[in-house]
$ cat target02.cif   # mmCIF, C-alpha atoms
data_protein
loop_
_atom_site.label_atom_id
_atom_site.label_comp_id
_atom_site.auth_asym_id
_atom_site.auth_seq_id
_atom_site.Cartn_x
_atom_site.Cartn_y
_atom_site.Cartn_z
CA MET A 1 32.02 72.52 19.33
CA PRO A 2 33.29 73.16 15.80
CA THR A 3 36.29 71.06 14.80
CA SER A 4 37.42 72.94 11.70
CA THR A 5 37.96 76.48 10.46
CA LEU A 6 35.22 76.10 7.83
CA ARG A 7 32.72 74.77 10.32
CA SER A 8 33.63 77.45 12.85
CA GLN A 9 32.95 80.15 10.25
CA LEU A 10 29.66 78.56 9.20
CA GLU A 11 28.48 78.34 12.79
CA LYS A 12 29.54 81.91 13.53
CA ASP A 13 28.39 83.73 10.38
CA GLY A 14 25.81 81.32 8.93
CA PHE A 15 27.77 81.02 5.66
CA VAL A 16 31.28 80.29 4.42
CA VAL A 17 32.87 80.89 1.00
CA VAL A 18 35.41 78.50 -0.54
CA ARG A 19 37.29 80.00 -3.48
CA SER A 20 38.21 78.02 -6.63
CA ILE A 21 36.79 74.72 -5.43
CA LEU A 22 36.68 73.66 -9.10
CA ASN A 23 39.41 74.07 -11.71
CA ALA A 24 38.85 75.76 -15.08
CA GLU A 25 38.23 72.48 -16.93
CA GLN A 26 35.60 71.36 -14.42
CA VAL A 27 33.89 74.74 -14.57
CA GLN A 28 33.76 74.68 -18.37
CA GLN A 29 32.29 71.17 -18.51
CA LEU A 30 29.58 72.08 -16.01
CA ARG A 31 28.91 75.45 -17.63
CA SER A 32 28.38 73.82 -21.03
CA ALA A 33 25.98 71.31 -19.48
CA ALA A 34 24.19 74.12 -17.63
CA GLU A 35 23.80 76.14 -20.83
CA ARG A 36 22.32 73.16 -22.67
CA THR A 37 19.96 72.45 -19.78
CA THR A 38 18.84 76.07 -19.54
CA ALA A 39 18.15 76.13 -23.28
CA LEU A 40 15.90 73.05 -22.93
CA ALA A 41 14.03 74.53 -19.99
CA THR A 42 13.53 77.96 -21.55
CA VAL A 43 11.53 76.51 -24.46
CA GLY A 44 9.56 74.08 -22.32
CA SER A 45 11.47 70.94 -23.28
CA TRP A 46 12.34 70.40 -19.62
CA PRO A 47 9.25 71.07 -17.47
CA HIS A 48 10.89 71.15 -14.04
CA VAL A 49 11.60 74.85 -13.60
CA ARG A 50 11.22 77.81 -11.26
CA THR A 51 9.05 80.46 -12.88
CA VAL A 52 9.51 84.23 -12.66
CA GLY A 53 7.01 85.80 -10.30
CA LYS A 54 6.83 82.82 -7.92
CA GLN A 55 9.36 82.27 -5.18
CA PHE A 56 8.41 78.89 -3.69
CA PRO A 57 7.15 75.51 -5.02
CA PRO A 58 5.15 74.29 -6.75
CA TRP A 59 5.99 75.92 -10.09
CA THR A 60 4.26 75.36 -13.44
CA TRP A 61 5.79 76.41 -16.76
CA SER A 62 3.68 77.75 -19.62
CA PRO A 63 4.63 79.44 -22.91
CA GLY A 64 5.76 83.01 -22.42
CA VAL A 65 6.59 82.59 -18.73
CA GLY A 66 10.18 83.36 -17.78
CA ILE A 67 12.23 81.01 -15.62
CA TRP A 68 14.84 81.74 -12.94
CA GLY A 69 15.80 78.18 -12.12
CA VAL A 70 15.91 74.61 -13.41
CA GLN A 71 14.97 71.75 -11.09
CA HIS A 72 16.11 68.14 -10.77
CA LEU A 73 19.58 68.05 -12.32
CA LEU A 74 19.93 64.42 -11.19
CA HIS A 75 16.70 63.32 -12.91
CA PRO A 76 17.53 60.36 -15.19
CA SER A 77 15.59 61.88 -18.11
CA LEU A 78 17.72 65.02 -18.20
CA PRO A 79 20.31 64.63 -21.00
CA ASP A 80 23.21 65.98 -18.92
CA SER A 81 22.23 64.33 -15.63
CA GLN A 82 25.38 62.16 -15.59
CA ILE A 83 27.63 65.23 -15.74
CA PHE A 84 25.70 66.83 -12.90
CA ALA A 85 25.73 63.58 -10.90
CA ALA A 86 29.52 63.36 -11.17
CA SER A 87 29.79 66.85 -9.68
CA TYR A 88 27.15 66.34 -6.97
CA PHE A 89 28.70 63.11 -5.68
CA GLY A 90 32.31 64.22 -6.20
CA ASP A 91 34.92 64.88 -3.53
CA GLU A 92 35.18 68.61 -4.19
CA ILE A 93 31.76 69.43 -2.72
CA LEU A 94 31.13 66.47 -0.44
CA ASP A 95 34.48 66.63 1.34
CA VAL A 96 33.54 70.13 2.45
CA ALA A 97 29.97 69.07 3.25
CA GLU A 98 31.22 66.24 5.46
CA GLU A 99 33.51 68.65 7.28
CA LEU A 100 30.64 71.07 7.87
CA LEU A 101 28.27 68.34 9.03
CA GLY A 102 30.38 66.77 11.66
CA PRO A 103 32.83 65.82 10.55
CA CYS A 104 30.94 62.78 9.25
CA GLY A 105 31.38 60.01 6.68
CA ASP A 106 29.78 58.95 3.41
CA ASP A 107 27.51 56.50 5.25
CA GLU A 108 25.82 59.40 7.07
CA LEU A 109 24.99 61.52 4.01
CA VAL A 110 21.53 61.74 2.41
CA MET A 111 20.92 62.72 -1.23
CA GLU A 112 18.92 65.93 -1.41
CA LEU A 113 18.51 68.70 -3.98
CA TYR A 114 20.50 69.68 -7.05
CA ASN A 115 19.14 72.56 -9.10
CA LEU A 116 20.35 75.37 -11.33
CA LEU A 117 19.77 79.08 -10.76
CA VAL A 118 19.83 81.21 -13.92
CA ARG A 119 19.36 84.70 -15.28
CA PRO A 120 15.62 85.36 -15.77
CA SER A 121 14.88 84.08 -19.26
CA ASP A 122 12.49 86.97 -19.99
CA GLY A 123 15.38 89.41 -19.49
CA LYS A 124 13.63 91.22 -16.64
CA ASP A 125 15.04 91.71 -13.15
CA PHE A 126 13.52 89.43 -10.52
CA GLU A 127 13.95 89.47 -6.75
CA LEU A 128 13.15 87.05 -3.96
CA ARG A 129 11.87 88.42 -0.69
CA TRP A 130 13.73 88.11 2.61
CA HIS A 131 13.15 84.68 4.08
CA ARG A 132 14.41 81.67 5.94
CA ASP A 133 13.94 78.48 3.92
CA ASP A 134 12.09 76.46 6.56
CA ILE A 135 10.63 79.07 8.93
CA PRO A 136 7.67 81.19 7.79
CA ALA A 137 7.74 84.97 8.14
CA SER A 138 4.68 84.71 10.38
CA ALA A 139 6.67 82.85 13.08
CA SER A 140 6.96 84.57 16.44
CA ALA A 141 10.36 85.24 17.97
CA GLU A 142 9.84 82.27 20.28
CA GLU A 143 8.93 80.01 17.36
CA GLU A 144 11.96 81.18 15.41
CA LEU A 145 14.33 80.52 18.31
CA LYS A 146 12.89 77.07 18.94
CA ARG A 147 13.52 76.11 15.31
CA LEU A 148 16.92 77.81 15.10
CA ASP A 149 18.10 76.05 18.24
CA GLU A 150 17.67 72.69 16.51
CA PRO A 151 20.66 71.25 14.60
CA ALA A 152 20.65 72.17 10.90
CA TRP A 153 21.51 68.64 9.64
CA HIS A 154 22.25 69.86 6.13
CA ALA A 155 24.88 71.48 3.97
CA GLN A 156 23.50 73.80 1.28
CA TRP A 157 25.50 75.60 -1.36
CA ASN A 158 25.57 77.84 -4.44
CA LEU A 159 28.40 77.03 -6.84
CA ALA A 160 29.00 79.76 -9.44
CA LEU A 161 29.78 78.84 -13.04
CA CYS A 162 30.01 82.49 -14.13
CA ASP A 163 32.10 85.38 -12.79
CA ALA A 164 30.62 88.23 -10.76
CA ASP A 165 27.71 86.28 -9.30
CA GLU A 166 26.18 88.67 -6.75
CA SER A 167 22.71 87.22 -6.44
CA LEU A 168 22.79 85.95 -2.84
CA ILE A 169 22.33 88.53 -0.08
CA VAL A 170 22.55 87.46 3.56
CA VAL A 171 22.40 88.96 7.03
CA PRO A 172 25.43 87.42 8.77
CA GLU A 173 24.77 85.68 12.09
CA SER A 174 20.98 85.87 11.66
CA HIS A 175 20.81 82.05 11.59
CA ALA A 176 21.46 82.07 15.34
CA ARG A 177 18.85 84.59 16.52
CA ALA A 178 15.28 85.70 16.04
CA ARG A 179 14.64 88.62 13.71
CA THR A 180 14.95 92.09 15.17
CA GLU A 181 11.92 94.36 15.27
CA GLN A 182 13.42 96.34 12.39
CA GLU A 183 13.78 93.16 10.30
CA ARG A 184 10.22 92.12 11.09
CA ALA A 185 8.87 95.51 10.07
CA ALA A 186 10.97 95.79 6.90
CA ASP A 187 9.51 95.59 3.42
CA PRO A 188 9.79 91.99 2.14
CA PHE A 189 12.07 93.28 -0.64
CA GLU A 190 13.98 95.81 1.50
CA PRO A 191 17.07 96.71 -0.59
CA ASN A 192 19.21 97.79 2.37
CA MET A 193 18.56 95.54 5.33
CA PRO A 194 20.82 96.48 8.29
CA ASN A 195 24.12 94.56 8.20
CA GLN A 196 23.29 92.80 4.94
CA LEU A 197 26.13 91.40 2.85
CA VAL A 198 26.18 90.67 -0.87
CA VAL A 199 28.02 87.39 -1.46
CA ARG A 200 30.23 87.77 -4.54
CA LEU A 201 31.36 84.63 -6.32
CA ASP A 202 33.43 84.06 -9.43
CA ALA A 203 33.34 80.92 -11.57
CA GLY A 204 34.44 77.94 -9.49
CA ASP A 205 33.71 79.60 -6.14
CA VAL A 206 31.11 78.16 -3.77
CA VAL A 207 29.22 79.49 -0.77
CA PHE A 208 27.83 77.07 1.81
CA TYR A 209 25.12 78.54 4.02
CA ASN A 210 22.61 77.63 6.69
CA ASN A 211 19.29 77.71 4.88
CA ASN A 212 17.63 79.44 7.82
CA ILE A 213 19.94 82.44 7.67
CA LEU A 214 17.92 85.53 6.75
CA HIS A 215 18.57 85.89 3.04
CA ARG A 216 17.15 86.80 -0.33
CA GLY A 217 18.03 86.52 -4.01
CA ARG A 218 18.48 89.26 -6.59
CA TYR A 219 18.40 88.26 -10.27
CA ASP A 220 19.75 90.73 -12.81
CA GLY A 221 18.05 90.19 -16.16
CA SER A 222 21.04 91.68 -18.00
CA ARG A 223 23.79 89.58 -16.35
CA GLU A 224 24.49 85.94 -17.14
CA ARG A 225 24.00 83.63 -14.19
CA LEU A 226 24.51 79.88 -13.95
CA SER A 227 24.80 78.70 -10.36
CA LEU A 228 24.51 75.11 -9.13
CA HIS A 229 22.23 75.13 -6.09
CA GLY A 230 22.51 71.96 -4.03
CA SER A 231 22.14 70.43 -0.63
CA VAL A 232 22.98 67.21 1.17
CA GLY A 233 21.53 66.01 4.44
CA HIS A 234 22.69 64.04 7.46
CA VAL A 235 20.83 60.88 8.47
CA ALA A 236 20.15 62.39 11.88
CA GLY A 237 17.97 65.06 10.26
CA GLY A 238 15.03 62.72 9.75
CA ARG A 239 11.66 64.37 9.24
CA LEU A 240 13.21 67.73 10.12
CA ARG A 241 14.84 67.70 6.68
CA ALA A 242 12.13 65.74 4.88
CA ARG A 243 9.81 68.68 4.17
CA ASN A 244 12.63 70.89 2.92
CA VAL A 245 13.66 68.24 0.40
CA LEU A 246 10.62 66.17 -0.57
CA GLN A 247 8.41 69.23 -1.23
CA HIS A 248 10.38 69.56 -4.48
CA GLY A 249 9.07 66.26 -5.86
CA LEU A 250 12.18 64.06 -5.82
CA GLY A 251 10.19 61.08 -4.62
CA SER A 252 8.56 60.57 -8.01
CA TRP A 253 11.82 59.79 -9.83
CA VAL A 254 14.69 59.11 -7.43
CA ASP A 255 14.22 55.33 -7.63
CA SER A 256 14.94 55.40 -11.37
CA CYS A 257 18.29 57.24 -11.17
CA ASP A 258 21.09 55.47 -13.03
CA PHE A 259 24.53 55.98 -11.51
CA SER A 260 26.28 53.32 -13.60
CA SER A 261 28.43 55.89 -15.45
CA LEU A 262 30.05 57.12 -12.24
CA ASP A 263 33.40 55.84 -11.05
CA GLU A 264 33.39 53.24 -8.29
CA LYS A 265 33.77 55.69 -5.39
CA ARG A 266 31.11 58.08 -6.63
CA ARG A 267 28.73 55.23 -7.53
CA ALA A 268 28.94 53.65 -4.08
CA ARG A 269 28.42 57.05 -2.46
CA ALA A 270 25.48 57.84 -4.76
CA GLU A 271 23.69 54.53 -4.19
CA GLY A 272 24.01 54.87 -0.43
CA MET A 273 22.82 58.47 -0.38
CA ARG A 274 19.89 57.64 -2.66
CA ALA A 275 18.88 54.67 -0.48
CA ARG A 276 18.83 56.88 2.61
CA LEU A 277 16.64 59.44 0.81
CA VAL A 278 14.19 56.73 -0.25
CA LYS A 279 14.02 55.50 3.34
CA LEU A 280 13.40 59.05 4.54
CA GLY A 281 10.55 59.44 2.06
CA ARG A 282 8.87 56.22 3.11
CA GLU A 283 9.06 57.14 6.78
CA SER A 284 7.90 60.75 6.33
CA GLY A 285 4.74 60.44 4.23
CA ASP A 286 3.07 63.65 3.00
CA VAL A 287 5.32 66.53 4.07
CA GLY A 288 3.54 69.52 2.47
CA TYR A 289 5.44 72.75 1.73
CA SER A 290 7.76 74.79 3.96
CA LEU A 291 6.72 78.17 2.52
CA THR A 292 4.22 79.41 -0.03
CA GLY A 293 4.09 82.24 -2.56
#
$ encode --input "target02.cif" --output "C-alpha cells"
Amino acid sequence: MPTSTLRSQLEKDGFVVVRSILNAEQVQQLRSAAERTTALATVGSWPHVRTVGKQFPPWTWSPGVGIWGVQHLLHPSLPDSQIFAASYFGDEILDVAEELLGPCGDDELVMELYNLLVRPSDGKDFELRWHRDDIPASASAEEELKRLDEPAWHAQWNLALCDADESLIVVPESHARARTEQERAADPFEPNMPNQLVVRLDAGDVVFYNNNILHRGRYDGSRERLSLHGSVGHVAGGRLRARNVLQHGLGSWVDSCDFSSLDEKRRARAEGMRARLVKLGRESGDVGYSLTG
C-alpha cells in the first residue's frame, strides 16, 4: 500500500506534479546549460539527439534534420555534464524518487536516463503518437494487463526549465488498465482522446509519471521548450528495466563517467547508482528496443 501522499497520487492517477522543486537560481543554471547543449546539438557538434520525424531509438542526425531532444546529459564528453550530474544526483529529484519507489534508500537506486526535450529546431510542430513506453500498441488486452500488473520499478520525470510547458498529454489512470476499444481504434495522433489531460508546467515544476501510462508528446515549433527528461530505477527491476534503459546506448560510455566534481554525498550516490547500472548491463546482454518507429 502507498505510504505517502505523492506515492498515493502516482499509483492512483499514473502521474504526480510537484511545483517549484527547484529555486530560481537552480533553474537559471540548468537553463543556461540546456541552451548551450541544445546549440551544440542543433549544429551537429553533439551527435546524440532525437530527430524530428522519428519517435523511438535509434536516431541518427544529419545536416538539415531537426531535433526534438538531446540524449546523454551525463556523458563525460558533454561540456556541461557536471552541471547536469549535480542535478540528476541531487536531493531535490531523488528524495521524491525514493519516496515514490518505496520508500527506499540510495543503495537501492540504479542510474538510468537523463535527456533534454526541446522545441523542434526546424521550427515546425512535431507530435508523438499515443503510446506506452514499454508495451507495444499491438499488445492484446491480456498482454497489456499482464505487463501493467508488474511493479513499475522506476521513477520517470519531466522537469521544466521554461514556463508554460504543455507538451505532455496523459490519460489519467490508464497505467492501471488495458486500453478501451475506443482508445485502440483511435488515430495514433488523436488530438482529443477521451479523458486526456494536458500537463502544464512552469519553470522549476516537475511531473513524475509511470512510463506505461497512455501518453503522447506535442511539440510546438513556435514555443521555447527545455525540459529535463530523466529516470531512475530500483534494483529489484532487473531485466524488466534493462531494455527500457540500455536501448538508449548508455552502456558504451557509463564506465567513463567522472563524478569527481560532485560533493561527497552526490558522488557516493552517483558511484553506487552507476555500479548498479553496469551490473544490470552485464547481466542483461542484448536487450533490443522496446518500441520502433
$ closest_residue --input "target02.cif" --among "A:Ala141, A:Val199, A:Met111, A:Leu250" --to "Arg218 in chain A" --atoms "only C-alpha atoms"
A:Val199
$ resolve_selection --input "target02.cif" --expression "the PyMOL selection byres ((chain A and resi 149-157) around 6)" --output "PDB file with C-alpha atoms, in the coordinates of the input"
ATOM      1  CA  ALA A  97      29.970  69.070   3.250  1.00  0.00           C
ATOM      2  CA  LEU A 145      14.330  80.520  18.310  1.00  0.00           C
ATOM      3  CA  LYS A 146      12.890  77.070  18.940  1.00  0.00           C
ATOM      4  CA  ARG A 147      13.520  76.110  15.310  1.00  0.00           C
ATOM      5  CA  LEU A 148      16.920  77.810  15.100  1.00  0.00           C
ATOM      6  CA  ASN A 158      25.570  77.840  -4.440  1.00  0.00           C
ATOM      7  CA  VAL A 207      29.220  79.490  -0.770  1.00  0.00           C
ATOM      8  CA  PHE A 208      27.830  77.070   1.810  1.00  0.00           C
ATOM      9  CA  TYR A 209      25.120  78.540   4.020  1.00  0.00           C
ATOM     10  CA  HIS A 229      22.230  75.130  -6.090  1.00  0.00           C
ATOM     11  CA  GLY A 230      22.510  71.960  -4.030  1.00  0.00           C
ATOM     12  CA  SER A 231      22.140  70.430  -0.630  1.00  0.00           C
ATOM     13  CA  VAL A 232      22.980  67.210   1.170  1.00  0.00           C
ATOM     14  CA  GLY A 233      21.530  66.010   4.440  1.00  0.00           C
ATOM     15  CA  HIS A 234      22.690  64.040   7.460  1.00  0.00           C
ATOM     16  CA  GLY A 237      17.970  65.060  10.260  1.00  0.00           C
TER      17      GLY A 237
END
$ closest_residue --input "target02.cif" --among "A:Asp95, A:Glu224, A:Asp202, A:Glu264" --to "Val118 in chain A" --atoms "all atoms listed in the file"
A:Glu224
$ closest_atom_pairs --input "target02.cif" --of "range 179-249 of chain A" --to "range 65-76 of chain A" --cutoff "10 Å" --atoms "only C-alpha atoms" --output "Markdown table"
| residue | atom | partner | partner_atom | distance |
| --- | --- | --- | --- | --- |
| A:Tyr219 | CA | A:Trp68 | CA | 7.9 |
| A:Gly221 | CA | A:Trp68 | CA | 9.6 |
| A:Arg225 | CA | A:Trp68 | CA | 9.4 |
| A:Leu226 | CA | A:Gly69 | CA | 9.1 |
| A:Ser227 | CA | A:Gly69 | CA | 9.2 |
| A:Leu228 | CA | A:Leu73 | CA | 9.2 |
| A:His229 | CA | A:Gly69 | CA | 9.3 |
| A:Gly230 | CA | A:Leu73 | CA | 9.6 |
| A:His248 | CA | A:Gln71 | CA | 8.3 |
| A:Gly249 | CA | A:His72 | CA | 8.8 |
$ closest_residue --input "target02.cif" --among "A:Ile213, A:Val171, A:Arg276, A:Trp253" --to "Pro194 in chain A" --atoms "all atoms listed in the file"
A:Val171
$ atom_distance --input "target02.cif" --atom1 "CA of Pro63 in chain A" --atom2 "CA of Leu113 in chain A"
25.8 Å
$ closest_residue --input "target02.cif" --among "A:Ala236, A:Val278, A:Ala270, A:Val49" --to "Ser252 in chain A" --atoms "only C-alpha atoms"
A:Val278
$ closest_residue --input "target02.cif" --among "A:Arg282, A:Arg239, A:Arg132, A:Arg216" --to "Ala176 in chain A" --atoms "all atoms listed in the file"
A:Arg132
$ residues_around --input "target02.cif" --residues "Trp61 in chain A" --least-positions-apart "5" --cutoff "10 Å" --atoms "only C-alpha atoms" --output "PyMOL selection string"
chain A and resi 41-44+46-52+66-67
$ residues_near_point --input "target02.cif" --point "(28.3, 57.9, -14.3)" --cutoff "8 Å" --atoms "all atoms listed in the file" --output "mmCIF file with C-alpha atoms, in the coordinates of the input"
data_model
loop_
_atom_site.group_PDB
_atom_site.id
_atom_site.type_symbol
_atom_site.label_atom_id
_atom_site.label_comp_id
_atom_site.auth_asym_id
_atom_site.auth_seq_id
_atom_site.Cartn_x
_atom_site.Cartn_y
_atom_site.Cartn_z
ATOM 1 C CA GLN A 82 25.380 62.160 -15.590
ATOM 2 C CA ILE A 83 27.630 65.230 -15.740
ATOM 3 C CA ALA A 85 25.730 63.580 -10.900
ATOM 4 C CA ALA A 86 29.520 63.360 -11.170
ATOM 5 C CA ASP A 258 21.090 55.470 -13.030
ATOM 6 C CA PHE A 259 24.530 55.980 -11.510
ATOM 7 C CA SER A 260 26.280 53.320 -13.600
ATOM 8 C CA SER A 261 28.430 55.890 -15.450
ATOM 9 C CA LEU A 262 30.050 57.120 -12.240
ATOM 10 C CA ASP A 263 33.400 55.840 -11.050
ATOM 11 C CA ARG A 267 28.730 55.230 -7.530
#
$ closest_residue --input "target02.cif" --among "A:Leu94, A:Ile21, A:Val170, A:Leu214" --to "Leu197 in chain A" --atoms "only C-alpha atoms"
A:Val170
$ axis_aligned_box --input "target02.cif" --around "range 217-222 of chain A" --padding-each-side "8 Å" --output "lines of an AutoDock Vina configuration file"
center_x = 19.5
center_y = 89.1
center_z = -11.0
size_x = 19.0
size_y = 21.2
size_z = 30.0
$ residues_near_point --input "target02.cif" --point "(21.6, 62.3, -2.8)" --cutoff "6 Å" --atoms "all atoms listed in the file" --output "list in words"
Val110, Met111, Glu112, Met273 and Arg274 of chain A
$ residues_around --input "target02.cif" --residues "range 26-32 of chain A" --least-positions-apart "3" --cutoff "7 Å" --atoms "all atoms listed in the file" --output "PyMOL selection string"
chain A and resi 22-23+35-36+161+203-204
$ atom_distance --input "target02.cif" --atom1 "CA of Pro120 in chain A" --atom2 "CA of Pro188 in chain A"
20.0 Å
$ atom_distance --input "target02.cif" --atom1 "CA of Ser138 in chain A" --atom2 "CA of Ala178 in chain A"
12.1 Å
$ build_atoms --input "target02.cif" --residues "range 91-106 of chain A" --atoms "N, CA, C and O atoms" --output "short mmCIF file (atom, residue, chain, number, x, y, z; two decimals), in the coordinates of the input"
data_model
loop_
_atom_site.label_atom_id
_atom_site.label_comp_id
_atom_site.auth_asym_id
_atom_site.auth_seq_id
_atom_site.Cartn_x
_atom_site.Cartn_y
_atom_site.Cartn_z
N ASP A 91 34.21 64.51 -4.76
CA ASP A 91 34.92 64.88 -3.53
C ASP A 91 34.94 66.37 -3.29
O ASP A 91 34.94 66.82 -2.13
N GLU A 92 34.98 67.17 -4.35
CA GLU A 92 35.18 68.61 -4.19
C GLU A 92 34.11 69.21 -3.26
O GLU A 92 34.43 69.95 -2.33
N ILE A 93 32.85 68.90 -3.54
CA ILE A 93 31.76 69.43 -2.72
C ILE A 93 31.55 68.61 -1.45
O ILE A 93 31.43 69.15 -0.35
N LEU A 94 31.52 67.29 -1.59
CA LEU A 94 31.13 66.47 -0.44
C LEU A 94 32.20 66.38 0.64
O LEU A 94 31.88 66.17 1.81
N ASP A 95 33.46 66.56 0.29
CA ASP A 95 34.48 66.63 1.34
C ASP A 95 34.23 67.82 2.25
O ASP A 95 34.36 67.72 3.48
N VAL A 96 33.86 68.95 1.65
CA VAL A 96 33.54 70.13 2.45
C VAL A 96 32.25 69.90 3.23
O VAL A 96 32.16 70.23 4.43
N ALA A 97 31.24 69.32 2.58
CA ALA A 97 29.97 69.07 3.25
C ALA A 97 30.16 68.18 4.48
O ALA A 97 29.59 68.43 5.55
N GLU A 98 30.98 67.14 4.33
CA GLU A 98 31.22 66.24 5.46
C GLU A 98 31.95 66.95 6.60
O GLU A 98 31.69 66.69 7.77
N GLU A 99 32.83 67.87 6.26
CA GLU A 99 33.51 68.65 7.28
C GLU A 99 32.52 69.55 8.02
O GLU A 99 32.57 69.69 9.25
N LEU A 100 31.61 70.15 7.27
CA LEU A 100 30.64 71.07 7.87
C LEU A 100 29.60 70.34 8.70
O LEU A 100 29.03 70.91 9.65
N LEU A 101 29.32 69.10 8.36
CA LEU A 101 28.27 68.34 9.03
C LEU A 101 28.76 67.54 10.23
O LEU A 101 27.97 66.84 10.84
N GLY A 102 29.99 67.61 10.56
CA GLY A 102 30.38 66.77 11.66
C GLY A 102 31.67 67.12 12.36
O GLY A 102 31.65 67.83 13.36
N PRO A 103 32.72 66.55 11.82
CA PRO A 103 32.83 65.82 10.55
C PRO A 103 32.04 64.50 10.57
O PRO A 103 31.77 63.96 11.63
N CYS A 104 31.67 64.03 9.38
CA CYS A 104 30.94 62.78 9.25
C CYS A 104 31.48 62.03 8.05
O CYS A 104 32.37 62.50 7.35
N GLY A 105 30.93 60.84 7.78
CA GLY A 105 31.38 60.01 6.68
C GLY A 105 30.32 59.82 5.62
O GLY A 105 29.16 60.24 5.78
N ASP A 106 30.70 59.18 4.51
CA ASP A 106 29.78 58.95 3.41
C ASP A 106 28.51 58.22 3.86
O ASP A 106 27.41 58.46 3.34
#
